[in-house]
Each structure stands twice: as C-alpha cells, then as structure tokens.
Amino acid sequence: MNAALEQDLVVQGFIKCRTKGGMIVDVFGIEAFLPGSQIDVHPIRDYDQFVGKTMEFKVVKINQEFRNVVVSHKALIEQELEAQKKEIIGKLEKGQILEGTVKNITSYGVFVDLGGVDGLIHITDLSWGRVDDPHKVVELDQKLNVVILDFDDEKRRIALGLKQLSPHPWDALDQTLKVGDHVKGKVVVIADYGAFVEIQPGVEGLIHVSEMSWSQHLRSAQDFLKVGDDVEAVILTLDRDERKMSLGIKQLREDPWENIETKYPVGSKHNAKVRNFTNFGVFVELEEGVDGLIHISDLSWTKKVKHPSEFTKVGDMIDVIVLDIDKENRRLSLGHKQLEDNPWDAFEEKYTVGSIHEGKITELLEKGAVVSLEENVEGFATPKHLVKEDGSQAANGETLPFKVIEFNKDSKRIILSHSRTFEDPAREEKKAAAKKTRAAKKDEAPKIENVAASTTLGDIDALAELKAKLEEGESKKKK
C-alpha cells in the first residue's frame with residue numbers, strides 16, 4: 001500500500017459497502033475509504049450502484065499512525081480527461097456549437113461538462129424570456145447543445161449560451177404591430193419607476209409609472225400593478241432595431257383634460273381633496289388627473305392666513321369654485337372664499353372711520369396687535385394706539401373698545417385705535433371749553449357803536465359829553 005502511494009501506482013479494489021460520506025473498498029485485504037467526491041468527476045447521487053464492483057483506484061493518502069488509507073477513482077479519470085481537455089480547449093472558438101451535459105445548477109446559472117471542460121450558461125443566456133430559476137429550464141445530467149459565447153485567454157472560464165441557438169423573439173414579432181395598437185401581456189418585473197410586461201416570450205415592454213395614471217402625483221408602480229397581473233396596454237413607442245417598446249395603461253381611459261371646460265367650467269362649484277401645501281397656496285385634486293391651486297389669498301375674505309396649514313390639512317375635503325382654466329399646463333385656479341359674497345361691501349358701511357367697536361386682541365406682534373372684531377374680521381392697532389387710559393399697555397386676550405381710524409376695502413385693511421376712544425372725547429371737550437371761554441370774553445367787552453356815518457350837530461354834542469364822562473371815569477380809576 002505504501003509502495004502504491006509512493007510510486008503513484010494504479011491498484012484494484014473491491015467496493016464492499018457504503019459508509020458515511022463514501023464507500024469502503026478492499027485493497028490488498030486492507031479496508032480503504034473512498035470519499036463520495038472521489039468516485040467520479042461528476043457528482044454521484046446513488047452510491048449503491050457501485051457496491052459489489054471491482055474498480056481501479058489510486059492511493060491518495062495514508063495515515064501511518066492510525067493505518068487509514070484513502071483512495072480515489074476520480075484521480076484516474078482526471079488523468080484521462082486532462083489529455084482530452086487540452087485537445088478540446090485547443091479547438092475552442094467563439095460561436096462554436098458543442099454538446100454537453102448539465103453538471104450543476106445554481107441560482108445564477110448552469111455548469112455544463114463539455115467532455116472534460118466545464119462551461120457556464122449564465123441565467124440570462126438560458127432563455128430569451130426572463131428566468132427566475134434555472135431548474136425550470138434544464139435538469140441535471142441533461143444533454144444539450146450550447147454555443148460558446150466567450151472565454152478568457154487561458155480558456156479556463158468558458159461562457160456558454162443556450163438561448164442563442166433559437167431565433168430572437170423580436171425577429172418573430174408581428175410586423176403589423178404599430179404605435180397605438182393594444183397588446184396584452186403579463187407583468188414579469190416591478191420596479192419603483194415602472195413595470196415590465198411580457199407580451200410574448202422574450203418580448204417585453206415597459207409601462208413607466210407616469211403612464212399608469214393621468215394623475216400628476218407620481219407614485220410607485222407597486223401602487224398600480226404586481227408581478228403576475230394580466231394587463232392590456234397601448235403601444236406608445238416601438239423600436240425594433242433596439243428591441244425596445246414602451247407601453248401605457250392610462251391611455252385606455254379618457255384624458256380628463258380633453259373636455260375640462262365642459263366638466264369644470266369657470267364658475268362651477270366642486271368638492272376637492274387637499275393634496276399638499278406650499279407657502280403660497282393649497283394644491284387639491286378634483287379627480288384623478290385633475291389638480292388645482294387655491295391661492296392663499298383666495299382662502300378667506302376676513303382671516304389673514306399666514307400658511308395654508310392654518311386653514312385646512314392634507315386629506316381634508318374642501319369646497320372650491322373654478323376661477324380659471326390653464327389647459328396647456330393642466331392646472332385649474334380655484335377659490336374658496338368666492339363661494340360666499342364679499343363681506344367687505346357690508347364692512348364698508350359698518351366700519352366707517354370714526355366708528356367705535358368692541359374687539360379682542362388675539363395676537364401681539366412687534367409692530368402692533370391683531371384685533372378680532374365681529375363677523376370674524378380682523379383689524380390692526382399699532383403700539384401707540386394700544387395705550388390705555390391709565391397709561392398701561394393693552395395685553396393679549398383683552399377685550400376693549402376700538403375706534404376705526406382707517407378703512408381700506410381694496411387692501412382689506414382696518415386700522416384701529418383704543419387710545420383714540422378716550423383721547424378724542426377729551427380733546428373735543430377741551431376744544432369746547434376753550435370756545436366757551438372765548439365767547440364769554442367777547443360778551444364782556446364794551447360795545448362801541450359806529451358813529452362815523454351821518455353825524456349831526458346834536459350827535460357831536462352827545463359824543464363830546466360821552467367822552468367827558470369816560471375821561472372822568474378813567475381819572476377816578478387812577479386815583
């Protein structure tokens with residue numbers, strides 16, 4: 001046994017029985033171990049077929065301490081195959097068709113024995129159609145023809161193809177198919193951006209997510225389709241040279257913008273779903289594919305909305321009226337406040353300059369305060385107009401009388417003053433008192449009649465007498 005190992009001799013042995021991981025072989029009366037991997041170059045699944053046979057082996061390992069012997073039949077075969085392998089490799093050419101045997105099947109492809117040389121058929125080269133499991137295409141030990149696609153310089157890695165032996169399905173595609181035609185197929189792959197539909201084995205078209213719905217709110221393709229779905233679609237583009245096709249399913253339904261003026265005429269009222277906000281307004285959806293914008297200034301006649309989220313929230317339903325149609329950009333201009341009459345027409349008569357109304361301070365700002373009046377209308381008062389009669393400053397939440405000092409209907413602005421409610425009456429009272437004082441002084445002054453005109457000699461005597469009396473009075477006062 002030692003000589004057989006040292007001199008690389010071929011020995012004969014009798015396979016006695018199976019054991020764990022291999023077989024027990026009688027060589028020179030010694031029980032040697034034949035591992036399952038050393039029986040043949042091909043994986044062996046049925047060991048029992050070798051029991052009771054006499055075969056040739058090589059001694060590959062001896063453990064002197066435990067007197068264990070390992071033999072191999074595969075080593076003999078590999079020697080024979082090595083010569084064949086060199087001959088086969090020397091003759092390999094791209095495009096050459098060879099017969100082989102399926103040796104191993106993996107998730108990524110199939111290994112084929114070409115007679116001592118292994119090659120790999122990648123999963124994408126098994127069939128023109130999509131393959132998710134190579135076991136569905138080939139079986140172990142199956143004999144088949146393959147074509148050599150490529151190999152490295154040393155010809156250790158050989159790429160094989162199976163689908164290349166049959167015509168490309170695109171070449172067999174109906175020549176009458178054209179853009180606009182309807183086709184049916186099955187969804188084979190789903191991605192976020194779209195779905196691939198196989199309309200016949202090896203011929204696929206892509207339905208981009210934007211072609212699944214007239215809605216401009218792009219979602220994931222999984223929201224519309226799933227693998228295995230049978231679908232009908234419209235051919236949007238067809239390139240036979242590039243073997244590409246794009247499909248659409250939204251085209252099977254009428255584009256809602258085709259008759260937008262009829263369904264949503266200017267002035268018509270509708271109920272819409274709030275989709276999202278921007279700083280300048282609210283985007284709503286009236287139906288799938290029909291969106292509109294409510295500008296922030298068109299939300300309320302009276303409330304000053306700083307951000308649309310103060311007025312509504314995403315997912316809510318809101319009543320709207322169509323203000324304008326932009327068919328080219330597929331957008332409607334909508335209003336909410338226009339569903340009611342403009343209350344500022346009535347406010348103009350009620351909140352006249354000088355009129356006094358009760359108001360509640362709802363917000364204090366650096367430049368003043370927001371004051372809530374009746375009918376949900378708001379006014380504004382600057383800090384100097386928030387000083388109370390006791391000299392203190394009005395606080396947030398206080399309800400006080402306010403005087404209208406400015407009203408602008410166009411800009412929807414009411415300027416108020418609390419201070420003027422007590423300052424103006426005091427000022428008027430002061431003016432009235434001053435006027436009364438001046439009137440009293442005027443009444444006390446002596447009246448001198450106009451004697452310049454038409455005086456007679458008698459009148460002159462009388463004047464002389466009056467002058468003498470006045471001078472006498474003045475003389476007495478001085479004394």
# chains A, B, ... in the order shown; residues from 1 in each chain; ligands from 1
$ residues_around --residues "Arg420 of chain A" --least-positions-apart "5" --cutoff "8 Å" --atoms "only C-alpha atoms" --output "number ranges by chain"
A: 385, 402-403
$ select_by_dssp --residues "segment 50-256 of chain A" --states "helix (DSSP H, G or I)" --output "ChimeraX atom specification"
/A:50,74-90,123-125,134-136,163-165,169-172,209-211,221-223,250-252
$ select_by_dssp --residues "segment 132-357 of chain A" --states "strand (DSSP E)" --output "VMD selection string"
chain A and resid 143 to 151 158 to 161 182 to 191 194 to 200 203 to 208 230 to 239 244 to 248 269 to 278 281 to 287 290 to 295 317 to 326 331 to 335 356 to 357
$ atom_distance --atom1 "atom CA of Glu6 of chain A" --atom2 "atom CA of Gly116 of chain A"
27.0 Å
$ residues_around --residues "segment 17-30 of chain A" --least-positions-apart "5" --cutoff "6 Å" --atoms "only C-alpha atoms" --output "PyMOL selection string"
chain A and resi 35-36+51
$ write_last_selection --atoms "all heavy atoms" --output "CSV table (one decimal), in the first residue's frame"
chain,number,residue,atom,x,y,z
A,35,PRO,N,-13.9,8.5,-0.6
A,35,PRO,CA,-14.9,9.6,-0.4
A,35,PRO,C,-15.8,9.7,-1.6
A,35,PRO,O,-15.5,9.4,-2.7
A,35,PRO,CB,-14.0,10.8,-0.3
A,35,PRO,CG,-12.6,10.3,0.1
A,35,PRO,CD,-12.5,8.9,-0.6
A,36,GLY,N,-17.1,10.1,-1.3
A,36,GLY,CA,-18.1,10.3,-2.4
A,36,GLY,C,-17.6,11.2,-3.5
A,36,GLY,O,-17.9,11.0,-4.6
A,51,VAL,N,-21.7,-0.6,-5.2
A,51,VAL,CA,-21.4,-1.7,-4.3
A,51,VAL,C,-21.3,-3.1,-5.0
A,51,VAL,O,-22.1,-3.4,-5.8
A,51,VAL,CB,-22.5,-1.8,-3.2
A,51,VAL,CG1,-22.3,-3.0,-2.2
A,51,VAL,CG2,-22.6,-0.5,-2.4
$ residues_around --residues "segment 72-85 of chain A" --least-positions-apart "3" --cutoff "8 Å" --atoms "only C-alpha atoms" --output "PyMOL selection string"
chain A and resi 34-35+37-41+55-60+88-89+115-117
$ closest_atom_pairs --of "segment 326-415 of chain A" --to "segment 209-219 of chain A" --cutoff "12 Å" --atoms "only C-alpha atoms" --output "tab-separated table"
residue	atom	partner	partner_atom	distance
A:Asn329	CA	A:Gln216	CA	11.1
A:Arg330	CA	A:Gln216	CA	9.3
A:Arg331	CA	A:Gln216	CA	10.3
$ closest_residue --among "A:Thr437, A:Thr312, A:Gln222, A:Gln200" --to "Ala172 of chain A" --atoms "only C-alpha atoms"
A:Gln200
$ residues_around --residues "segment 232-238 of chain A" --least-positions-apart "3" --cutoff "8 Å" --atoms "only C-alpha atoms" --output "MDAnalysis selection string"
chainID A and resid 178:185 243:249 251:252
$ closest_residue --among "A:Leu299, A:Leu373, A:Leu162, A:Val290" --to "Trp128 of chain A" --atoms "only C-alpha atoms"
A:Leu162
$ atom_distance --atom1 "atom CA of Ile62 of chain A" --atom2 "atom CA of Met1 of chain A"
8.5 Å
$ residues_around --residues "Thr362 of chain A" --least-positions-apart "4" --cutoff "8 Å" --atoms "only C-alpha atoms" --output "list in words"
Ala369, Val370, Val371, Ser372, Asn396 and Gly397 of chain A
